[in-house]
$ cat structure_22.txt   # compact mmCIF, N, CA and C atoms
# COMPACT_ATOMS: atom_id res chain seq x y z
N MET A 26 19.74 8.29 4.07
CA MET A 26 18.38 8.27 4.62
C MET A 26 18.47 7.92 6.10
N ASN A 27 17.64 8.53 6.88
CA ASN A 27 17.62 8.33 8.32
C ASN A 27 17.24 6.88 8.66
N GLN A 28 18.17 6.14 9.26
CA GLN A 28 17.93 4.73 9.60
C GLN A 28 16.88 4.56 10.69
N GLN A 29 16.51 5.65 11.36
CA GLN A 29 15.49 5.54 12.40
C GLN A 29 14.08 5.58 11.82
N LEU A 30 13.96 5.98 10.58
CA LEU A 30 12.65 5.94 9.93
C LEU A 30 12.26 4.49 9.66
N PRO A 31 10.96 4.19 9.62
CA PRO A 31 10.54 2.83 9.30
C PRO A 31 11.06 2.39 7.92
N ARG A 32 11.27 1.11 7.77
CA ARG A 32 11.82 0.53 6.54
C ARG A 32 11.05 0.99 5.29
N GLY A 33 9.71 0.94 5.35
CA GLY A 33 8.91 1.32 4.20
C GLY A 33 9.11 2.77 3.78
N ILE A 34 9.32 3.65 4.74
CA ILE A 34 9.55 5.06 4.45
C ILE A 34 10.96 5.23 3.88
N ARG A 35 11.94 4.58 4.49
CA ARG A 35 13.32 4.64 3.99
C ARG A 35 13.41 4.14 2.55
N ASN A 36 12.64 3.10 2.23
CA ASN A 36 12.68 2.48 0.91
C ASN A 36 11.78 3.19 -0.11
N ASN A 37 11.12 4.28 0.29
CA ASN A 37 10.12 4.94 -0.57
C ASN A 37 9.06 3.93 -1.00
N ASN A 38 8.79 2.95 -0.14
CA ASN A 38 7.86 1.86 -0.40
C ASN A 38 6.94 1.74 0.81
N PRO A 39 6.05 2.72 1.00
CA PRO A 39 5.26 2.75 2.24
C PRO A 39 4.27 1.61 2.39
N GLY A 40 4.04 0.84 1.33
CA GLY A 40 3.19 -0.33 1.43
C GLY A 40 3.97 -1.60 1.69
N ASN A 41 5.30 -1.48 1.80
CA ASN A 41 6.18 -2.64 2.01
C ASN A 41 5.89 -3.76 1.01
N ILE A 42 5.92 -3.40 -0.25
CA ILE A 42 5.68 -4.36 -1.34
C ILE A 42 6.97 -5.13 -1.58
N ARG A 43 6.81 -6.45 -1.67
CA ARG A 43 7.96 -7.33 -1.88
C ARG A 43 8.39 -7.32 -3.35
N HIS A 44 9.64 -7.71 -3.56
CA HIS A 44 10.14 -7.84 -4.93
C HIS A 44 9.28 -8.83 -5.70
N GLY A 45 9.16 -8.60 -7.00
CA GLY A 45 8.40 -9.54 -7.82
C GLY A 45 8.00 -8.93 -9.15
N ALA A 46 7.53 -7.70 -9.13
CA ALA A 46 7.11 -7.04 -10.38
C ALA A 46 8.17 -6.00 -10.76
N ASN A 47 8.22 -5.67 -12.02
CA ASN A 47 9.13 -4.63 -12.51
C ASN A 47 8.40 -3.29 -12.46
N TRP A 48 8.27 -2.75 -11.26
CA TRP A 48 7.49 -1.54 -11.03
C TRP A 48 8.14 -0.31 -11.64
N LEU A 49 7.29 0.63 -12.06
CA LEU A 49 7.74 1.95 -12.46
C LEU A 49 8.42 2.61 -11.26
N GLY A 50 9.60 3.20 -11.47
CA GLY A 50 10.29 3.93 -10.41
C GLY A 50 11.10 3.07 -9.46
N LEU A 51 11.33 1.80 -9.80
CA LEU A 51 12.18 0.97 -8.94
C LEU A 51 13.61 1.47 -8.97
N ASN A 52 14.24 1.48 -7.84
CA ASN A 52 15.65 1.82 -7.76
C ASN A 52 16.44 0.65 -8.36
N PRO A 53 17.29 0.90 -9.36
CA PRO A 53 18.02 -0.20 -10.00
C PRO A 53 18.94 -0.95 -9.04
N ASN A 54 19.34 -0.32 -7.94
CA ASN A 54 20.19 -0.99 -6.94
C ASN A 54 19.38 -1.48 -5.75
N GLY A 55 18.06 -1.49 -5.88
CA GLY A 55 17.17 -1.79 -4.77
C GLY A 55 17.39 -3.14 -4.13
N ARG A 56 17.63 -4.17 -4.94
CA ARG A 56 17.83 -5.52 -4.37
C ARG A 56 19.08 -5.58 -3.50
N ASN A 57 20.07 -4.76 -3.82
CA ASN A 57 21.27 -4.70 -2.99
C ASN A 57 21.00 -3.94 -1.69
N MET A 58 20.03 -3.02 -1.73
CA MET A 58 19.71 -2.20 -0.56
C MET A 58 18.76 -2.94 0.39
N ASP A 59 17.84 -3.73 -0.17
CA ASP A 59 16.87 -4.50 0.62
C ASP A 59 16.52 -5.74 -0.17
N SER A 60 16.91 -6.88 0.31
CA SER A 60 16.71 -8.12 -0.45
C SER A 60 15.26 -8.59 -0.44
N ALA A 61 14.45 -8.12 0.50
CA ALA A 61 13.06 -8.58 0.61
C ALA A 61 12.05 -7.63 -0.02
N PHE A 62 12.24 -6.32 0.18
CA PHE A 62 11.23 -5.35 -0.23
C PHE A 62 11.76 -4.42 -1.31
N CYS A 63 10.85 -3.99 -2.18
CA CYS A 63 11.20 -3.06 -3.25
C CYS A 63 11.72 -1.75 -2.66
N VAL A 64 12.63 -1.13 -3.39
CA VAL A 64 13.12 0.21 -3.06
C VAL A 64 12.81 1.07 -4.28
N PHE A 65 12.06 2.14 -4.07
CA PHE A 65 11.68 3.04 -5.15
C PHE A 65 12.53 4.30 -5.12
N THR A 66 12.63 4.96 -6.26
CA THR A 66 13.44 6.18 -6.36
C THR A 66 12.78 7.37 -5.66
N ALA A 67 11.46 7.31 -5.48
CA ALA A 67 10.72 8.39 -4.82
C ALA A 67 9.44 7.81 -4.23
N PRO A 68 8.93 8.41 -3.15
CA PRO A 68 7.71 7.88 -2.52
C PRO A 68 6.52 7.78 -3.46
N VAL A 69 6.41 8.68 -4.42
CA VAL A 69 5.25 8.66 -5.32
C VAL A 69 5.16 7.32 -6.06
N TYR A 70 6.30 6.71 -6.36
CA TYR A 70 6.29 5.42 -7.07
C TYR A 70 5.88 4.28 -6.15
N GLY A 71 6.26 4.36 -4.89
CA GLY A 71 5.81 3.36 -3.93
C GLY A 71 4.32 3.45 -3.68
N ILE A 72 3.81 4.68 -3.62
CA ILE A 72 2.37 4.90 -3.45
C ILE A 72 1.62 4.39 -4.68
N ARG A 73 2.18 4.66 -5.87
CA ARG A 73 1.57 4.16 -7.11
C ARG A 73 1.48 2.64 -7.08
N ALA A 74 2.57 1.98 -6.69
CA ALA A 74 2.59 0.51 -6.66
C ALA A 74 1.54 -0.01 -5.68
N LEU A 75 1.42 0.62 -4.52
CA LEU A 75 0.42 0.23 -3.54
C LEU A 75 -0.99 0.38 -4.13
N ALA A 76 -1.25 1.50 -4.78
CA ALA A 76 -2.57 1.71 -5.40
C ALA A 76 -2.85 0.64 -6.45
N LYS A 77 -1.84 0.33 -7.28
CA LYS A 77 -2.00 -0.70 -8.33
C LYS A 77 -2.34 -2.06 -7.72
N VAL A 78 -1.62 -2.42 -6.66
CA VAL A 78 -1.87 -3.71 -6.00
C VAL A 78 -3.32 -3.76 -5.50
N LEU A 79 -3.74 -2.72 -4.81
CA LEU A 79 -5.09 -2.71 -4.25
C LEU A 79 -6.16 -2.76 -5.33
N ILE A 80 -5.98 -2.00 -6.40
CA ILE A 80 -6.94 -2.02 -7.52
C ILE A 80 -6.96 -3.40 -8.18
N ASN A 81 -5.79 -4.00 -8.34
CA ASN A 81 -5.73 -5.33 -8.97
C ASN A 81 -6.38 -6.40 -8.10
N TYR A 82 -6.39 -6.21 -6.80
CA TYR A 82 -7.09 -7.18 -5.95
C TYR A 82 -8.58 -7.22 -6.31
N LYS A 83 -9.13 -6.09 -6.70
CA LYS A 83 -10.53 -6.07 -7.16
C LYS A 83 -10.63 -6.61 -8.58
N ARG A 84 -9.84 -6.03 -9.49
CA ARG A 84 -9.97 -6.36 -10.91
C ARG A 84 -9.62 -7.81 -11.24
N ILE A 85 -8.57 -8.32 -10.61
CA ILE A 85 -8.09 -9.66 -10.96
C ILE A 85 -8.67 -10.73 -10.04
N HIS A 86 -8.78 -10.41 -8.75
CA HIS A 86 -9.16 -11.42 -7.76
C HIS A 86 -10.58 -11.25 -7.24
N GLY A 87 -11.27 -10.16 -7.62
CA GLY A 87 -12.65 -9.96 -7.21
C GLY A 87 -12.83 -9.62 -5.74
N LEU A 88 -11.79 -9.13 -5.09
CA LEU A 88 -11.87 -8.80 -3.66
C LEU A 88 -12.53 -7.44 -3.49
N ASN A 89 -13.53 -7.36 -2.61
CA ASN A 89 -14.26 -6.10 -2.51
C ASN A 89 -14.71 -5.75 -1.10
N THR A 90 -14.06 -6.34 -0.10
CA THR A 90 -14.30 -5.91 1.28
C THR A 90 -12.94 -5.67 1.94
N VAL A 91 -12.96 -4.91 3.02
CA VAL A 91 -11.71 -4.67 3.74
C VAL A 91 -11.11 -6.00 4.20
N ARG A 92 -11.94 -6.89 4.72
CA ARG A 92 -11.44 -8.18 5.20
C ARG A 92 -10.76 -8.97 4.08
N GLN A 93 -11.39 -9.03 2.91
CA GLN A 93 -10.81 -9.78 1.79
C GLN A 93 -9.49 -9.17 1.33
N ILE A 94 -9.49 -7.86 1.16
CA ILE A 94 -8.30 -7.18 0.65
C ILE A 94 -7.14 -7.27 1.64
N VAL A 95 -7.39 -6.94 2.89
CA VAL A 95 -6.32 -6.96 3.89
C VAL A 95 -5.84 -8.39 4.14
N SER A 96 -6.72 -9.36 4.12
CA SER A 96 -6.31 -10.75 4.35
C SER A 96 -5.33 -11.22 3.29
N ARG A 97 -5.48 -10.74 2.07
CA ARG A 97 -4.53 -11.08 1.02
C ARG A 97 -3.27 -10.22 1.13
N TYR A 98 -3.46 -8.94 1.39
CA TYR A 98 -2.33 -8.01 1.43
C TYR A 98 -1.42 -8.26 2.63
N ALA A 99 -2.00 -8.54 3.77
CA ALA A 99 -1.25 -8.68 5.03
C ALA A 99 -1.64 -10.00 5.71
N PRO A 100 -1.19 -11.12 5.15
CA PRO A 100 -1.61 -12.42 5.68
C PRO A 100 -1.13 -12.66 7.10
N PRO A 101 -1.87 -13.50 7.84
CA PRO A 101 -1.57 -13.72 9.26
C PRO A 101 -0.20 -14.34 9.54
N ASN A 102 0.41 -14.97 8.55
CA ASN A 102 1.72 -15.56 8.80
C ASN A 102 2.80 -14.50 9.00
N GLU A 103 2.51 -13.24 8.64
CA GLU A 103 3.51 -12.20 8.87
C GLU A 103 2.92 -10.89 9.40
N ASN A 104 1.65 -10.89 9.74
CA ASN A 104 0.98 -9.68 10.23
C ASN A 104 -0.06 -10.01 11.29
N GLN A 105 -0.46 -8.99 12.02
CA GLN A 105 -1.61 -9.10 12.92
C GLN A 105 -2.83 -8.70 12.08
N THR A 106 -3.26 -9.65 11.26
CA THR A 106 -4.26 -9.37 10.23
C THR A 106 -5.58 -8.88 10.82
N THR A 107 -6.02 -9.46 11.90
CA THR A 107 -7.30 -9.05 12.49
C THR A 107 -7.25 -7.58 12.92
N ALA A 108 -6.18 -7.18 13.58
CA ALA A 108 -6.03 -5.78 13.99
C ALA A 108 -5.90 -4.87 12.78
N TYR A 109 -5.21 -5.35 11.76
CA TYR A 109 -5.03 -4.60 10.51
C TYR A 109 -6.40 -4.35 9.87
N ILE A 110 -7.21 -5.39 9.77
CA ILE A 110 -8.55 -5.27 9.18
C ILE A 110 -9.38 -4.27 9.97
N GLN A 111 -9.37 -4.39 11.29
CA GLN A 111 -10.17 -3.48 12.14
C GLN A 111 -9.73 -2.04 11.95
N SER A 112 -8.42 -1.80 11.89
CA SER A 112 -7.91 -0.44 11.73
C SER A 112 -8.32 0.17 10.39
N VAL A 113 -8.14 -0.58 9.32
CA VAL A 113 -8.50 -0.06 7.99
C VAL A 113 -10.00 0.20 7.91
N ALA A 114 -10.80 -0.75 8.38
CA ALA A 114 -12.26 -0.59 8.33
C ALA A 114 -12.69 0.64 9.13
N LYS A 115 -12.10 0.83 10.30
CA LYS A 115 -12.45 1.99 11.14
C LYS A 115 -12.12 3.29 10.41
N GLN A 116 -10.93 3.35 9.78
CA GLN A 116 -10.54 4.57 9.09
C GLN A 116 -11.45 4.83 7.87
N LEU A 117 -11.96 3.77 7.27
CA LEU A 117 -12.90 3.94 6.15
C LEU A 117 -14.32 4.22 6.63
N GLY A 118 -14.60 3.91 7.90
CA GLY A 118 -15.94 4.10 8.44
C GLY A 118 -16.91 3.04 7.97
N VAL A 119 -16.40 1.81 7.78
CA VAL A 119 -17.23 0.69 7.33
C VAL A 119 -16.96 -0.53 8.20
N TYR A 120 -17.84 -1.52 8.10
CA TYR A 120 -17.59 -2.81 8.74
C TYR A 120 -16.61 -3.59 7.86
N PRO A 121 -15.86 -4.52 8.45
CA PRO A 121 -14.88 -5.28 7.67
C PRO A 121 -15.45 -6.02 6.47
N ASP A 122 -16.73 -6.43 6.55
CA ASP A 122 -17.33 -7.20 5.46
C ASP A 122 -18.26 -6.37 4.56
N THR A 123 -18.26 -5.06 4.74
CA THR A 123 -19.04 -4.18 3.87
C THR A 123 -18.37 -4.14 2.49
N VAL A 124 -19.17 -4.26 1.44
CA VAL A 124 -18.62 -4.17 0.08
C VAL A 124 -18.20 -2.72 -0.17
N ILE A 125 -16.95 -2.57 -0.64
CA ILE A 125 -16.42 -1.24 -0.98
C ILE A 125 -15.95 -1.26 -2.42
N ASP A 126 -15.83 -0.08 -3.00
CA ASP A 126 -15.27 0.05 -4.35
C ASP A 126 -13.90 0.69 -4.21
N ILE A 127 -12.87 -0.15 -4.21
CA ILE A 127 -11.50 0.33 -4.02
C ILE A 127 -11.07 1.28 -5.14
N GLU A 128 -11.77 1.23 -6.28
CA GLU A 128 -11.41 2.12 -7.38
C GLU A 128 -12.00 3.51 -7.22
N GLU A 129 -12.93 3.69 -6.28
CA GLU A 129 -13.47 5.02 -6.02
C GLU A 129 -12.37 5.81 -5.32
N ARG A 130 -12.08 6.99 -5.84
CA ARG A 130 -10.91 7.76 -5.41
C ARG A 130 -10.86 7.99 -3.90
N GLY A 131 -11.97 8.37 -3.30
CA GLY A 131 -11.99 8.62 -1.86
C GLY A 131 -11.69 7.37 -1.05
N VAL A 132 -12.29 6.26 -1.45
CA VAL A 132 -12.06 4.98 -0.76
C VAL A 132 -10.59 4.58 -0.91
N LEU A 133 -10.06 4.66 -2.12
CA LEU A 133 -8.67 4.28 -2.37
C LEU A 133 -7.71 5.15 -1.55
N THR A 134 -7.98 6.44 -1.50
CA THR A 134 -7.12 7.36 -0.75
C THR A 134 -7.07 6.99 0.73
N VAL A 135 -8.22 6.79 1.33
CA VAL A 135 -8.26 6.44 2.75
C VAL A 135 -7.61 5.08 2.98
N PHE A 136 -7.87 4.13 2.09
CA PHE A 136 -7.29 2.78 2.23
C PHE A 136 -5.77 2.87 2.18
N ILE A 137 -5.24 3.62 1.23
CA ILE A 137 -3.79 3.77 1.10
C ILE A 137 -3.21 4.38 2.36
N LYS A 138 -3.83 5.44 2.87
CA LYS A 138 -3.34 6.08 4.10
C LYS A 138 -3.36 5.09 5.26
N ALA A 139 -4.42 4.30 5.36
CA ALA A 139 -4.54 3.32 6.44
C ALA A 139 -3.46 2.25 6.34
N VAL A 140 -3.18 1.77 5.13
CA VAL A 140 -2.13 0.77 4.92
C VAL A 140 -0.77 1.36 5.30
N ILE A 141 -0.50 2.57 4.85
CA ILE A 141 0.78 3.20 5.16
C ILE A 141 0.96 3.31 6.67
N ARG A 142 -0.09 3.71 7.36
CA ARG A 142 -0.01 3.85 8.82
C ARG A 142 0.22 2.48 9.48
N MET A 143 -0.47 1.45 9.01
CA MET A 143 -0.30 0.11 9.59
C MET A 143 1.10 -0.44 9.29
N GLU A 144 1.58 -0.22 8.11
CA GLU A 144 2.87 -0.78 7.70
C GLU A 144 4.06 -0.08 8.36
N ASN A 145 3.90 1.21 8.67
CA ASN A 145 5.04 2.01 9.13
C ASN A 145 4.89 2.63 10.51
N GLY A 146 3.68 2.60 11.04
CA GLY A 146 3.44 3.26 12.33
C GLY A 146 3.21 4.75 12.19
N ILE A 147 3.46 5.28 11.00
CA ILE A 147 3.24 6.70 10.70
C ILE A 147 2.71 6.80 9.27
N GLN A 148 2.09 7.92 8.97
CA GLN A 148 1.65 8.21 7.60
C GLN A 148 2.10 9.63 7.30
N PRO A 149 3.33 9.79 6.80
CA PRO A 149 3.92 11.13 6.67
C PRO A 149 3.63 11.86 5.36
N TYR A 150 2.86 11.26 4.47
CA TYR A 150 2.72 11.82 3.13
C TYR A 150 1.51 12.75 3.01
N SER A 151 1.68 13.79 2.22
CA SER A 151 0.59 14.75 1.99
C SER A 151 -0.48 14.13 1.12
N ASP A 152 -1.68 14.67 1.22
CA ASP A 152 -2.77 14.23 0.34
C ASP A 152 -2.38 14.43 -1.12
N GLU A 153 -1.67 15.52 -1.40
CA GLU A 153 -1.25 15.82 -2.77
C GLU A 153 -0.35 14.71 -3.32
N LEU A 154 0.61 14.26 -2.52
CA LEU A 154 1.52 13.21 -2.97
C LEU A 154 0.77 11.89 -3.18
N ILE A 155 -0.15 11.59 -2.30
CA ILE A 155 -0.94 10.35 -2.47
C ILE A 155 -1.77 10.44 -3.74
N GLN A 156 -2.34 11.61 -4.02
CA GLN A 156 -3.12 11.77 -5.26
C GLN A 156 -2.21 11.63 -6.49
N GLN A 157 -1.00 12.14 -6.40
CA GLN A 157 -0.06 12.00 -7.52
C GLN A 157 0.25 10.51 -7.78
N GLY A 158 0.43 9.75 -6.71
CA GLY A 158 0.67 8.32 -6.85
C GLY A 158 -0.51 7.61 -7.49
N ILE A 159 -1.72 7.98 -7.08
CA ILE A 159 -2.91 7.38 -7.67
C ILE A 159 -3.03 7.76 -9.14
N GLU A 160 -2.74 9.02 -9.46
CA GLU A 160 -2.79 9.47 -10.86
C GLU A 160 -1.83 8.67 -11.74
N LEU A 161 -0.68 8.32 -11.18
CA LEU A 161 0.31 7.56 -11.94
C LEU A 161 -0.16 6.13 -12.24
N CYS A 162 -1.23 5.70 -11.60
CA CYS A 162 -1.77 4.36 -11.86
C CYS A 162 -2.20 4.20 -13.31
N GLN A 163 -2.42 5.29 -13.98
CA GLN A 163 -2.81 5.23 -15.39
C GLN A 163 -1.64 4.74 -16.24
N ASN A 164 -0.42 4.77 -15.67
CA ASN A 164 0.79 4.36 -16.39
C ASN A 164 1.24 2.99 -15.92

$ encode --input "structure_22.txt" --output "structure tokens"
Amino acid sequence: MNQQLPRGIRNNNPGNIRHGANWLGLNPNGRNMDSAFCVFTAPVYGIRALAKVLINYKRIHGLNTVRQIVSRYAPPNENQTTAYIQSVAKQLGVYPDTVIDIEERGVLTVFIKAVIRMENGIQPYSDELIQQGIELCQN
């Protein structure tokens, strides 16, 4: 894999999800490849994991605004959270404290693309691949 690509893209983990869960599609040698972040066998599994995390923020933690979701996902101790919140809200076309339904397909799609862009500086994935990752959330 091209070492000049961002870490999340190289790891097929565009959301830069840390180790912790036994995700579908995890590379069995992933911890040897990256001790901090998950390594997936294909980007679709990393996108699926990102979608699952975002949906669970609503279902488990009751988070329903861009500010709430991003503040948990990208805390200030390791991110420029305020800029992250502003970027995601702008891409969604909402204010940071507007209530959103992350489970609505269009909202989730835009949110995922915004996170990928913030985490990697680029968003190289097709809409089709992102939809495939979201579809896999049923598993």

$ closest_residue --input "structure_22.txt" --among "A:Ile159, A:Ala61, A:Ile110, A:Leu88" --to "A:Asp126" --atoms "only C-alpha atoms"
A:Leu88

$ closest_residue --input "structure_22.txt" --among "A:Val95, A:Val113, A:Ile80, A:Val69" --to "A:Ile155" --atoms "only C-alpha atoms"
A:Val69

$ axis_aligned_box --input "structure_22.txt" --around "stretch 59-74 of chain A" --padding-each-side "6 Å" --output "AutoDock Vina command-line options"
--center_x 9.7 --center_y 0.0 --center_z -3.2 --size_x 28.4 --size_y 29.3 --size_z 19.7

$ closest_atom_pairs --input "structure_22.txt" --of "stretch 47-131 of chain A" --to "stretch 137-149 of chain A" --cutoff "8 Å" --atoms "all atoms listed in the file" --output "Markdown table"
| residue | atom | partner | partner_atom | distance |
| --- | --- | --- | --- | --- |
| A:Ile72 | CA | A:Ile137 | CA | 7.7 |
| A:Leu75 | C | A:Ile137 | CA | 6.8 |
| A:Ala76 | N | A:Ile137 | CA | 6.8 |
| A:Tyr109 | CA | A:Met143 | CA | 6.7 |
| A:Ser112 | C | A:Ala139 | CA | 6.3 |
| A:Val113 | CA | A:Ala139 | CA | 5.4 |
| A:Ala114 | N | A:Ala139 | CA | 7.7 |
| A:Gln116 | CA | A:Ala139 | CA | 6.7 |
| A:Leu117 | N | A:Ala139 | CA | 7.5 |
| A:Gly131 | C | A:Ile137 | N | 7.8 |

$ residues_around --input "structure_22.txt" --residues "A:Leu49" --least-positions-apart "3" --cutoff "7 Å" --atoms "all atoms listed in the file" --output "list in words"
Ala46, Asn52, Phe65, Thr66, Tyr70 and Gly71 of chain A

$ closest_residue --input "structure_22.txt" --among "A:Gln111, A:Pro101, A:Gly50, A:Val64" --to "A:Asn38" --atoms "only C-alpha atoms"
A:Val64

$ closest_residue --input "structure_22.txt" --among "A:Ile34, A:Ile42, A:Val124, A:Met58" --to "A:Gly87" --atoms "only C-alpha atoms"
A:Val124

$ atom_distance --input "structure_22.txt" --atom1 "atom CA of A:Cys162" --atom2 "atom CA of A:Lys77"
6.2 Å

$ atom_distance --input "structure_22.txt" --atom1 "atom C of A:Thr134" --atom2 "atom CA of A:Ser60"
28.2 Å

$ decode --input "structure_22.txt" --residues "stretch 107-116 of chain A" --atoms "all heavy atoms" --output "PDB file, in the first residue's frame"
ATOM      1  N   THR A 107     -13.590  21.772  17.441  1.00  0.00           N
ATOM      2  CA  THR A 107     -14.445  22.881  17.000  1.00  0.00           C
ATOM      3  C   THR A 107     -14.450  22.993  15.480  1.00  0.00           C
ATOM      4  O   THR A 107     -15.517  23.124  14.866  1.00  0.00           O
ATOM      5  CB  THR A 107     -13.985  24.204  17.646  1.00  0.00           C
ATOM      6  OG1 THR A 107     -14.051  24.055  19.064  1.00  0.00           O
ATOM      7  CG2 THR A 107     -14.874  25.358  17.228  1.00  0.00           C
ATOM      8  N   ALA A 108     -13.282  22.903  14.861  1.00  0.00           N
ATOM      9  CA  ALA A 108     -13.203  22.962  13.398  1.00  0.00           C
ATOM     10  C   ALA A 108     -13.879  21.746  12.775  1.00  0.00           C
ATOM     11  O   ALA A 108     -14.549  21.856  11.737  1.00  0.00           O
ATOM     12  CB  ALA A 108     -11.742  23.040  12.955  1.00  0.00           C
ATOM     13  N   TYR A 109     -13.731  20.599  13.415  1.00  0.00           N
ATOM     14  CA  TYR A 109     -14.348  19.349  12.948  1.00  0.00           C
ATOM     15  C   TYR A 109     -15.872  19.511  12.953  1.00  0.00           C
ATOM     16  O   TYR A 109     -16.547  19.204  11.958  1.00  0.00           O
ATOM     17  CB  TYR A 109     -13.909  18.230  13.893  1.00  0.00           C
ATOM     18  CG  TYR A 109     -13.892  16.825  13.361  1.00  0.00           C
ATOM     19  CD1 TYR A 109     -12.764  16.029  13.533  1.00  0.00           C
ATOM     20  CD2 TYR A 109     -15.005  16.245  12.749  1.00  0.00           C
ATOM     21  CE1 TYR A 109     -12.726  14.714  13.099  1.00  0.00           C
ATOM     22  CE2 TYR A 109     -14.971  14.927  12.315  1.00  0.00           C
ATOM     23  CZ  TYR A 109     -13.832  14.165  12.491  1.00  0.00           C
ATOM     24  OH  TYR A 109     -13.807  12.865  12.054  1.00  0.00           O
ATOM     25  N   ILE A 110     -16.413  20.019  14.056  1.00  0.00           N
ATOM     26  CA  ILE A 110     -17.861  20.235  14.171  1.00  0.00           C
ATOM     27  C   ILE A 110     -18.347  21.182  13.077  1.00  0.00           C
ATOM     28  O   ILE A 110     -19.348  20.910  12.400  1.00  0.00           O
ATOM     29  CB  ILE A 110     -18.218  20.793  15.568  1.00  0.00           C
ATOM     30  CG1 ILE A 110     -18.001  19.723  16.640  1.00  0.00           C
ATOM     31  CG2 ILE A 110     -19.642  21.341  15.609  1.00  0.00           C
ATOM     32  CD1 ILE A 110     -17.964  20.259  18.065  1.00  0.00           C
ATOM     33  N   GLN A 111     -17.644  22.299  12.899  1.00  0.00           N
ATOM     34  CA  GLN A 111     -18.051  23.289  11.889  1.00  0.00           C
ATOM     35  C   GLN A 111     -18.041  22.686  10.494  1.00  0.00           C
ATOM     36  O   GLN A 111     -18.949  22.928   9.692  1.00  0.00           O
ATOM     37  CB  GLN A 111     -17.135  24.524  11.954  1.00  0.00           C
ATOM     38  CG  GLN A 111     -17.281  25.328  13.224  1.00  0.00           C
ATOM     39  CD  GLN A 111     -18.669  25.901  13.419  1.00  0.00           C
ATOM     40  OE1 GLN A 111     -19.379  26.235  12.467  1.00  0.00           O
ATOM     41  NE2 GLN A 111     -19.095  26.004  14.669  1.00  0.00           N
ATOM     42  N   SER A 112     -17.017  21.893  10.185  1.00  0.00           N
ATOM     43  CA  SER A 112     -16.911  21.289   8.858  1.00  0.00           C
ATOM     44  C   SER A 112     -18.047  20.301   8.596  1.00  0.00           C
ATOM     45  O   SER A 112     -18.678  20.337   7.535  1.00  0.00           O
ATOM     46  CB  SER A 112     -15.558  20.589   8.709  1.00  0.00           C
ATOM     47  OG  SER A 112     -15.468  19.973   7.446  1.00  0.00           O
ATOM     48  N   VAL A 113     -18.307  19.428   9.545  1.00  0.00           N
ATOM     49  CA  VAL A 113     -19.378  18.434   9.366  1.00  0.00           C
ATOM     50  C   VAL A 113     -20.731  19.127   9.253  1.00  0.00           C
ATOM     51  O   VAL A 113     -21.537  18.803   8.366  1.00  0.00           O
ATOM     52  CB  VAL A 113     -19.357  17.387  10.499  1.00  0.00           C
ATOM     53  CG1 VAL A 113     -20.563  16.458  10.399  1.00  0.00           C
ATOM     54  CG2 VAL A 113     -18.060  16.579  10.468  1.00  0.00           C
ATOM     55  N   ALA A 114     -20.992  20.094  10.130  1.00  0.00           N
ATOM     56  CA  ALA A 114     -22.275  20.812  10.091  1.00  0.00           C
ATOM     57  C   ALA A 114     -22.458  21.520   8.749  1.00  0.00           C
ATOM     58  O   ALA A 114     -23.542  21.470   8.154  1.00  0.00           O
ATOM     59  CB  ALA A 114     -22.350  21.816  11.244  1.00  0.00           C
ATOM     60  N   LYS A 115     -21.394  22.149   8.257  1.00  0.00           N
ATOM     61  CA  LYS A 115     -21.476  22.856   6.969  1.00  0.00           C
ATOM     62  C   LYS A 115     -21.807  21.878   5.849  1.00  0.00           C
ATOM     63  O   LYS A 115     -22.640  22.166   4.987  1.00  0.00           O
ATOM     64  CB  LYS A 115     -20.159  23.578   6.690  1.00  0.00           C
ATOM     65  CG  LYS A 115     -20.169  24.379   5.414  1.00  0.00           C
ATOM     66  CD  LYS A 115     -18.869  25.127   5.212  1.00  0.00           C
ATOM     67  CE  LYS A 115     -18.935  25.921   3.912  1.00  0.00           C
ATOM     68  NZ  LYS A 115     -17.660  26.619   3.668  1.00  0.00           N
ATOM     69  N   GLN A 116     -21.141  20.712   5.842  1.00  0.00           N
ATOM     70  CA  GLN A 116     -21.390  19.744   4.781  1.00  0.00           C
ATOM     71  C   GLN A 116     -22.813  19.178   4.863  1.00  0.00           C
ATOM     72  O   GLN A 116     -23.397  18.821   3.836  1.00  0.00           O
ATOM     73  CB  GLN A 116     -20.332  18.639   4.830  1.00  0.00           C
ATOM     74  CG  GLN A 116     -18.970  19.163   4.384  1.00  0.00           C
ATOM     75  CD  GLN A 116     -17.859  18.155   4.504  1.00  0.00           C
ATOM     76  OE1 GLN A 116     -17.900  17.129   3.830  1.00  0.00           O
ATOM     77  NE2 GLN A 116     -16.883  18.435   5.346  1.00  0.00           N
TER      78      GLN A 116
END
